[in-house]
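*Asks:* Starting off with a structure, shown below.
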Amino acid sequence: MPLAAATPPSAASPADPPADPPADPTADLPADPTAGRRTRAAGLPGPLLRRPAVPVWGLAAGFAALYLCVGVNRYRRGLSKAYDLGIFEQAVRAYAHGQAPIVPLKGPGYHLLGDHFHPLIAVLAPFYRVFPSPLTLVAAQAVLMALAVVPLTRWAHEVAGARVALVVGCATGASWGIVRAAADDFHEIAFAVPLLAFAAVALGRRRPLAAALWSLPLLLVKEDLGLTVAAVGLLIAWRARRERRTPVPGLVLAVVGVVATALVVLVVLPSFNPYGGFDYWQQLGGGGGARAPFWALPLRLGWPPVKWLLLFLLAATTGFLGLRSPLVLLCVPTLGWRLLSTNPHYWGVSYHYSAVLMPVLFAALVDAVRRAGGTSGAGGAGGAAGAGRRVRRGLAVTVLVAVVTLPLYPLHEVVMPEAWRTSPRVAEARAMLRLVPDGAAVAASNRLAAQLTSRADVTLMCRAPVGAGPQWVAVDLRDPSVKAPCATADTARMLAFYRGAGYLPRFERDGLLLLERP
């Protein structure tokens with residue numbers, strides 16, 4: 001059970017009387033009146049503390065710049081992919097010209113709202129119209145991800161002062177889930193990260209209306225996030241019931257989240273999907289598309305053991321302290337579908353799937369610090385002193401996990417000289433792609449396709465051509481995409497097809513091949 005919330009006492013003078021605990025343990029706590037004195041005693045500038053917005057927004061801007069450097073540099077080095085940067089660029093490019101999001105990389109005439117439900121990405125269309133480049137999406141993702149730092153750091157400052165706020169802000173920005181997503185092309189969940197941060201903080205500060213308003217746009221980010229909206233509603237209802245208020249508004253929000261998810265998955269997505277269904281149902285069944293029996297689904301939550309690694313790292317990210325806050329329950333919908341899925345990519349700690357969990361976990365961390373009375377405990381009692389030690393240990397583990405995981409994820413590339421060099425092979429790939437004229441129809445391998453979507457009509461070369469076929473075929477035979485979206489065998493088969501159809505080589509060097517239709 002979480003400890004009752006209390007305001008931290010002053011550390012500036014032992015003669016200061018302890019703050020009185022609130023009459024209602026569930027009531028919202030005001031900003032810590034002693035935070036400024038504690039931090040000035042630590043030698044931090046007073047003016048900075050009187051205006052915490054300056055360091056808070058400065059920290060967010062710093063992480064946005066770091067994410068942008070990593071994302072742009074990875075694109076420059078040819079590490080971006082058609083799946084997913086190319087796909088989302090084709091969609092946003094269509095939105096920018098007032099068209100439906102038809103994405104040739106997914107298939108001929110493929111409407112992207114038949115894959116996942118993410119109409120909110122259309123807000124990037126005006127920016128893309130002015131700056132028609134995949135780097136527009138990379139920059140937007142960097143800014144959106146970094147915005148999550150703002151509400152979490154500000155709330156931590158209110159609860160426990162500047163030092164804890166600095167720990168929370170830096171640990172959030174450097175968290176492995178957000179860093180991995182920020183460096184991994186572009187995904188729609190970039191919008192969910194700041195929305196979840198603001199919603200979770202509003203919940204923790206006992207502002208149910210703000211929490212509901214911040215969570216509702218999640219319905220337009222991705223279909224599964226409607227269940228997270230429902231979780232927000234249930235927490236609002238639970239807290240209202242404890243405070244002897246009506247739980248109806250929270251229950252209404254929960255119903256809206258569940259109904260929206262059902263409507264999107266059962267009606268909207270199938271109506272746009274070329275096969276008339278939801279493509280990801282099969283990932284909740286057994287091999288070969290067979291559905292697993294209902295009773296066997298819970299057994300899948302903990303097997304194989306790699307799922308325990310995911311759960312352990314998530315808990316350790318906030319020093320196991322976030323587990324003491326009910327806010328951590330907002331992670332349950334996302335973790336539920338990931339652990340129940342048969343797709344092993346969802347179980348691990350790679351890719352972008354954990355980004356939406358990071359703001360929730362750090363909001364739970366701040367809430368746990370608040371409930372424990374800050375880093376010093378409250379009132380000087382033995383139990384409160386023990387709570388203060390527990391908080392300090394939790395924050396120490398949080399910092400340790402951030403430091404240990406930093407070299408394992410792409411943020412460390414900023415300080416690696418070799419990451420900023422242009423290899424001879426990258427220069428050759430650029431020279432080859434410059435031979436492709438703007439507006440041409442091109443079939444390309446995964447990584448080369450992402451370099452062409454802003455100026456050409458691009459499809460994947462491993463798929464059968466439509467009509468007369470593409471005018472150009474651009475292939476990187478050393479592209480590591482050996483399973484999806486293009487298996488090596490499919491690439492070899494289609495390359496033989498194009499050669500047999502009379503396509504002529506215009507560039508062939510070091511595994512890079514450009515063919516032109518005569």
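Order determines the names: the first chain of the structure tokens is A, the second B, and so forth; residues in each chain are numbered 1 upward, and ligands are numbered 1 upward as they are shown.
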Which residues come within 10 Å of range 310-326 of chain A, counting only C-alpha atoms, excluding same-chain residues fewer than 5 positions away, as an NGL selection string?

*Replies:* :A and (1-3 or 168 or 171-172 or 175-177 or 204 or 235 or 302 or 305 or 335 or 339 or 346-350 or 354 or 357-358 or 360-372 or 390-402 or 405)

*Asks:* Tell me, as a PyMOL selection string, which residues lie within 12 Å of Glu428 in chain A, counting only C-alpha atoms; anything in the same chain fewer than 5 positions away does not count.

*Replies:* chain A and resi 77-78+422-423+433-435+448+476+507-514

*Asks:* Grab the residues selected above and save them as a short mmCIF file (atom, residue, chain, number, x, y, z; two decimals), in the first residue's frame with all heavy atoms.

*Replies:*
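New file part30.cif:
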```
data_model
loop_
_atom_site.label_atom_id
_atom_site.label_comp_id
_atom_site.auth_asym_id
_atom_site.auth_seq_id
_atom_site.Cartn_x
_atom_site.Cartn_y
_atom_site.Cartn_z
N ARG A 77 22.88 8.76 -42.75
CA ARG A 77 23.72 7.57 -42.92
C ARG A 77 22.98 6.43 -43.63
O ARG A 77 23.51 5.33 -43.76
CB ARG A 77 24.20 7.08 -41.55
CG ARG A 77 25.18 8.03 -40.88
CD ARG A 77 25.23 7.82 -39.38
NE ARG A 77 25.61 6.44 -39.04
CZ ARG A 77 25.39 5.88 -37.85
NH1 ARG A 77 24.76 6.57 -36.90
NH2 ARG A 77 25.77 4.65 -37.61
N GLY A 78 21.77 6.68 -44.07
CA GLY A 78 21.02 5.67 -44.81
C GLY A 78 20.45 4.56 -43.95
O GLY A 78 20.18 3.47 -44.44
N THR A 422 30.78 10.18 -43.03
CA THR A 422 30.07 9.65 -44.19
C THR A 422 30.92 8.56 -44.83
O THR A 422 32.00 8.84 -45.35
CB THR A 422 29.78 10.76 -45.21
OG1 THR A 422 29.00 11.78 -44.59
CG2 THR A 422 29.02 10.20 -46.40
N SER A 423 30.45 7.34 -44.78
CA SER A 423 31.22 6.23 -45.31
C SER A 423 31.22 6.28 -46.84
O SER A 423 30.31 6.84 -47.46
CB SER A 423 30.62 4.90 -44.85
OG SER A 423 29.37 4.68 -45.46
N LEU A 433 21.31 7.19 -56.26
CA LEU A 433 19.94 7.68 -56.19
C LEU A 433 19.76 9.01 -56.91
O LEU A 433 18.65 9.33 -57.34
CB LEU A 433 19.51 7.80 -54.73
CG LEU A 433 19.44 6.48 -53.95
CD1 LEU A 433 18.99 6.73 -52.52
CD2 LEU A 433 18.50 5.49 -54.64
N ARG A 434 20.83 9.78 -57.06
CA ARG A 434 20.72 11.03 -57.81
C ARG A 434 20.42 10.78 -59.29
O ARG A 434 19.94 11.68 -59.99
CB ARG A 434 22.00 11.85 -57.67
CG ARG A 434 22.09 12.61 -56.35
CD ARG A 434 23.15 13.70 -56.41
NE ARG A 434 24.48 13.14 -56.51
CZ ARG A 434 25.27 12.87 -55.46
NH1 ARG A 434 24.82 13.12 -54.23
NH2 ARG A 434 26.48 12.37 -55.61
N LEU A 435 20.67 9.58 -59.77
CA LEU A 435 20.35 9.25 -61.17
C LEU A 435 18.86 9.08 -61.39
O LEU A 435 18.40 9.10 -62.53
CB LEU A 435 21.09 7.98 -61.58
CG LEU A 435 22.63 8.02 -61.52
CD1 LEU A 435 23.21 6.65 -61.88
CD2 LEU A 435 23.17 9.09 -62.46
N LEU A 448 16.73 2.09 -49.10
CA LEU A 448 16.81 3.04 -50.21
C LEU A 448 15.47 3.70 -50.45
O LEU A 448 15.41 4.88 -50.84
CB LEU A 448 17.28 2.32 -51.48
CG LEU A 448 18.71 1.77 -51.46
CD1 LEU A 448 19.03 1.09 -52.78
CD2 LEU A 448 19.72 2.88 -51.18
N ASP A 476 19.66 -2.41 -52.67
CA ASP A 476 20.86 -2.56 -51.85
C ASP A 476 20.90 -4.02 -51.41
O ASP A 476 20.14 -4.44 -50.54
CB ASP A 476 20.80 -1.63 -50.64
CG ASP A 476 22.04 -1.74 -49.76
OD1 ASP A 476 22.93 -2.55 -50.08
OD2 ASP A 476 22.11 -1.01 -48.75
N PHE A 507 23.72 1.53 -62.70
CA PHE A 507 24.70 1.67 -61.64
C PHE A 507 24.83 0.32 -60.96
O PHE A 507 23.82 -0.29 -60.59
CB PHE A 507 24.24 2.73 -60.62
CG PHE A 507 25.26 3.08 -59.57
CD1 PHE A 507 26.02 4.23 -59.68
CD2 PHE A 507 25.48 2.25 -58.48
CE1 PHE A 507 26.96 4.56 -58.71
CE2 PHE A 507 26.42 2.57 -57.51
CZ PHE A 507 27.17 3.72 -57.63
N GLU A 508 26.04 -0.15 -60.79
CA GLU A 508 26.25 -1.45 -60.14
C GLU A 508 27.62 -1.44 -59.47
O GLU A 508 28.64 -1.48 -60.14
CB GLU A 508 26.14 -2.59 -61.16
CG GLU A 508 26.10 -3.97 -60.54
CD GLU A 508 25.72 -5.06 -61.53
OE1 GLU A 508 25.57 -4.75 -62.74
OE2 GLU A 508 25.56 -6.22 -61.10
N ARG A 509 27.59 -1.37 -58.13
CA ARG A 509 28.86 -1.27 -57.42
C ARG A 509 28.64 -1.62 -55.95
O ARG A 509 27.70 -1.12 -55.31
CB ARG A 509 29.41 0.15 -57.52
CG ARG A 509 30.83 0.33 -57.00
CD ARG A 509 31.26 1.77 -57.18
NE ARG A 509 31.08 2.20 -58.57
CZ ARG A 509 30.90 3.47 -58.92
NH1 ARG A 509 30.87 4.42 -58.01
NH2 ARG A 509 30.75 3.79 -60.20
N ASP A 510 29.45 -2.50 -55.41
CA ASP A 510 29.48 -2.79 -53.98
C ASP A 510 28.10 -3.18 -53.44
O ASP A 510 27.69 -2.76 -52.37
CB ASP A 510 30.02 -1.59 -53.21
CG ASP A 510 30.42 -1.95 -51.78
OD1 ASP A 510 30.64 -3.14 -51.51
OD2 ASP A 510 30.49 -1.04 -50.93
N GLY A 511 27.38 -3.99 -54.18
CA GLY A 511 26.06 -4.44 -53.74
C GLY A 511 24.95 -3.47 -53.99
O GLY A 511 23.78 -3.75 -53.68
N LEU A 512 25.24 -2.31 -54.56
CA LEU A 512 24.22 -1.32 -54.94
C LEU A 512 23.92 -1.47 -56.42
O LEU A 512 24.84 -1.54 -57.25
CB LEU A 512 24.73 0.10 -54.65
CG LEU A 512 24.99 0.43 -53.18
CD1 LEU A 512 25.76 1.73 -53.06
CD2 LEU A 512 23.66 0.51 -52.43
N LEU A 513 22.65 -1.54 -56.75
CA LEU A 513 22.25 -1.82 -58.13
C LEU A 513 21.08 -0.93 -58.51
O LEU A 513 20.10 -0.83 -57.77
CB LEU A 513 21.86 -3.29 -58.27
CG LEU A 513 21.33 -3.75 -59.64
CD1 LEU A 513 22.40 -3.58 -60.71
CD2 LEU A 513 20.88 -5.20 -59.56
N LEU A 514 21.20 -0.27 -59.66
CA LEU A 514 20.11 0.55 -60.20
C LEU A 514 19.80 0.08 -61.61
O LEU A 514 20.68 0.06 -62.48
CB LEU A 514 20.52 2.03 -60.21
CG LEU A 514 19.46 3.00 -60.73
CD1 LEU A 514 18.27 3.06 -59.77
CD2 LEU A 514 20.05 4.40 -60.93
#
```

*Asks:* Ranking A:Leu477, A:Val159, A:Leu144, A:Ala443 by minimum distance to Leu460 in chain A and counting only C-alpha atoms, which one comes first?

*Replies:*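 Using only C-alpha atoms, the shortest distance to Leu460 in chain A belongs to A:Ala443.
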
*Asks:* Kindly indicate which residue among A:Val403, A:Ala53, A:Val221, A:Leu203 lies nearest to Cys170 in chain A, using only C-alpha atoms for the distances.

*Replies:*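 Ranking A:Val403, A:Ala53, A:Val221, A:Leu203 by distance to Cys170 in chain A, first place goes to A:Val403.
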
*Asks:* List every residue of range 359-444 of chain A that DSSP, applied to the backbone of this structure, assigns to helix (DSSP H, G or I), and report them as JSON, numbers by chain.

*Replies:* {"A": [359, 360, 361, 362, 363, 364, 365, 366, 367, 368, 369, 370, 371, 382, 383, 384, 385, 386, 387, 388, 389, 390, 391, 392, 393, 394, 395, 396, 397, 398, 399, 400, 401, 402, 403, 404, 405, 406, 407, 408, 410, 411, 412, 413, 414, 415, 417, 418, 419, 420, 424, 425, 426, 427, 428, 429, 430, 431, 432, 433]}

*Asks:* So the first atom is CA of Leu196 in chain A and the second is CA of His352 in chain A; what is the distance between them in Å, to one decimal place?

*Replies:*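 Answer for the CA of Leu196 in chain A to CA of His352 in chain A separation: 15.3 Å.
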
*Asks:* Enter the distance from CA of Arg154 in chain A to CA of Lys222 in chain A, in Å, rounded to one decimal.

*Replies:*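 A separation of 27.4 Å between them.
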
*Asks:* For the atom pair CA of Pro119 in chain A and CA of Thr261 in chain A, what is the interatomic distance in Å to one decimal place?

*Replies:*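 Between these atoms lies a distance of 14.1 Å.
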
*Asks:* Tell me which protein, DNA and RNA residues are within 12 Å of Ala484 in chain A, counting only C-alpha atoms, leaving out same-chain ones fewer than 6 positions away, and put them as a list in words.

*Replies:*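 In the requested format, the answer is Lys81, Ala82, Tyr83, Asp84, Lys106, His345, Ser445, Asn446, Arg447, Leu460, Cys462, Arg463, Asp490 and Thr491 of chain A.
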
*Asks:* Determine, counting only C-alpha atoms, which protein, DNA and RNA residues have an atom within 7 Å of an atom of Leu112 in chain A; residues of the same chain fewer than 6 positions away are not included. Present the result as a list in words.

*Replies:* Pro101, Ile102 and Val103 of chain A

*Asks:* Kindly export the residues of the current selection with all heavy atoms, as a short mmCIF file (atom, residue, chain, number, x, y, z; two decimals), in the first residue's frame.

*Replies:*
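Ended up saving to result_8.cif:
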```cif
data_model
loop_
_atom_site.label_atom_id
_atom_site.label_comp_id
_atom_site.auth_asym_id
_atom_site.auth_seq_id
_atom_site.Cartn_x
_atom_site.Cartn_y
_atom_site.Cartn_z
N PRO A 101 -4.82 9.07 -47.44
CA PRO A 101 -3.46 8.53 -47.19
C PRO A 101 -3.23 7.20 -47.89
O PRO A 101 -3.13 6.15 -47.24
CB PRO A 101 -3.43 8.40 -45.67
CG PRO A 101 -4.85 8.15 -45.29
CD PRO A 101 -5.68 8.97 -46.24
N ILE A 102 -3.12 7.25 -49.20
CA ILE A 102 -2.80 6.05 -49.98
C ILE A 102 -1.28 5.86 -49.96
O ILE A 102 -0.53 6.77 -50.30
CB ILE A 102 -3.31 6.18 -51.43
CG1 ILE A 102 -4.81 6.46 -51.44
CG2 ILE A 102 -2.98 4.92 -52.21
CD1 ILE A 102 -5.65 5.38 -50.76
N VAL A 103 -0.86 4.65 -49.56
CA VAL A 103 0.56 4.38 -49.34
C VAL A 103 1.00 3.22 -50.24
O VAL A 103 0.76 2.05 -49.92
CB VAL A 103 0.82 4.05 -47.85
CG1 VAL A 103 2.27 3.68 -47.63
CG2 VAL A 103 0.44 5.24 -46.98
#
```

*Asks:* Determine the nearest neighbour of Ser454 in chain A from the options A:Pro417, A:Ile121, A:Leu329, A:Gly439, counting only C-alpha atoms.

*Replies:*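 Ranked by minimum distance to Ser454 in chain A, first place goes to A:Gly439.
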
*Asks:* Between A:Val332, A:Ala419, A:Ala94, A:Leu147, which has the minimum distance to Ala125 in chain A (counting only C-alpha atoms)?

*Replies:*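 Looking only at the distances to Ala125 in chain A, the closest residue turns out to be A:Ala94.
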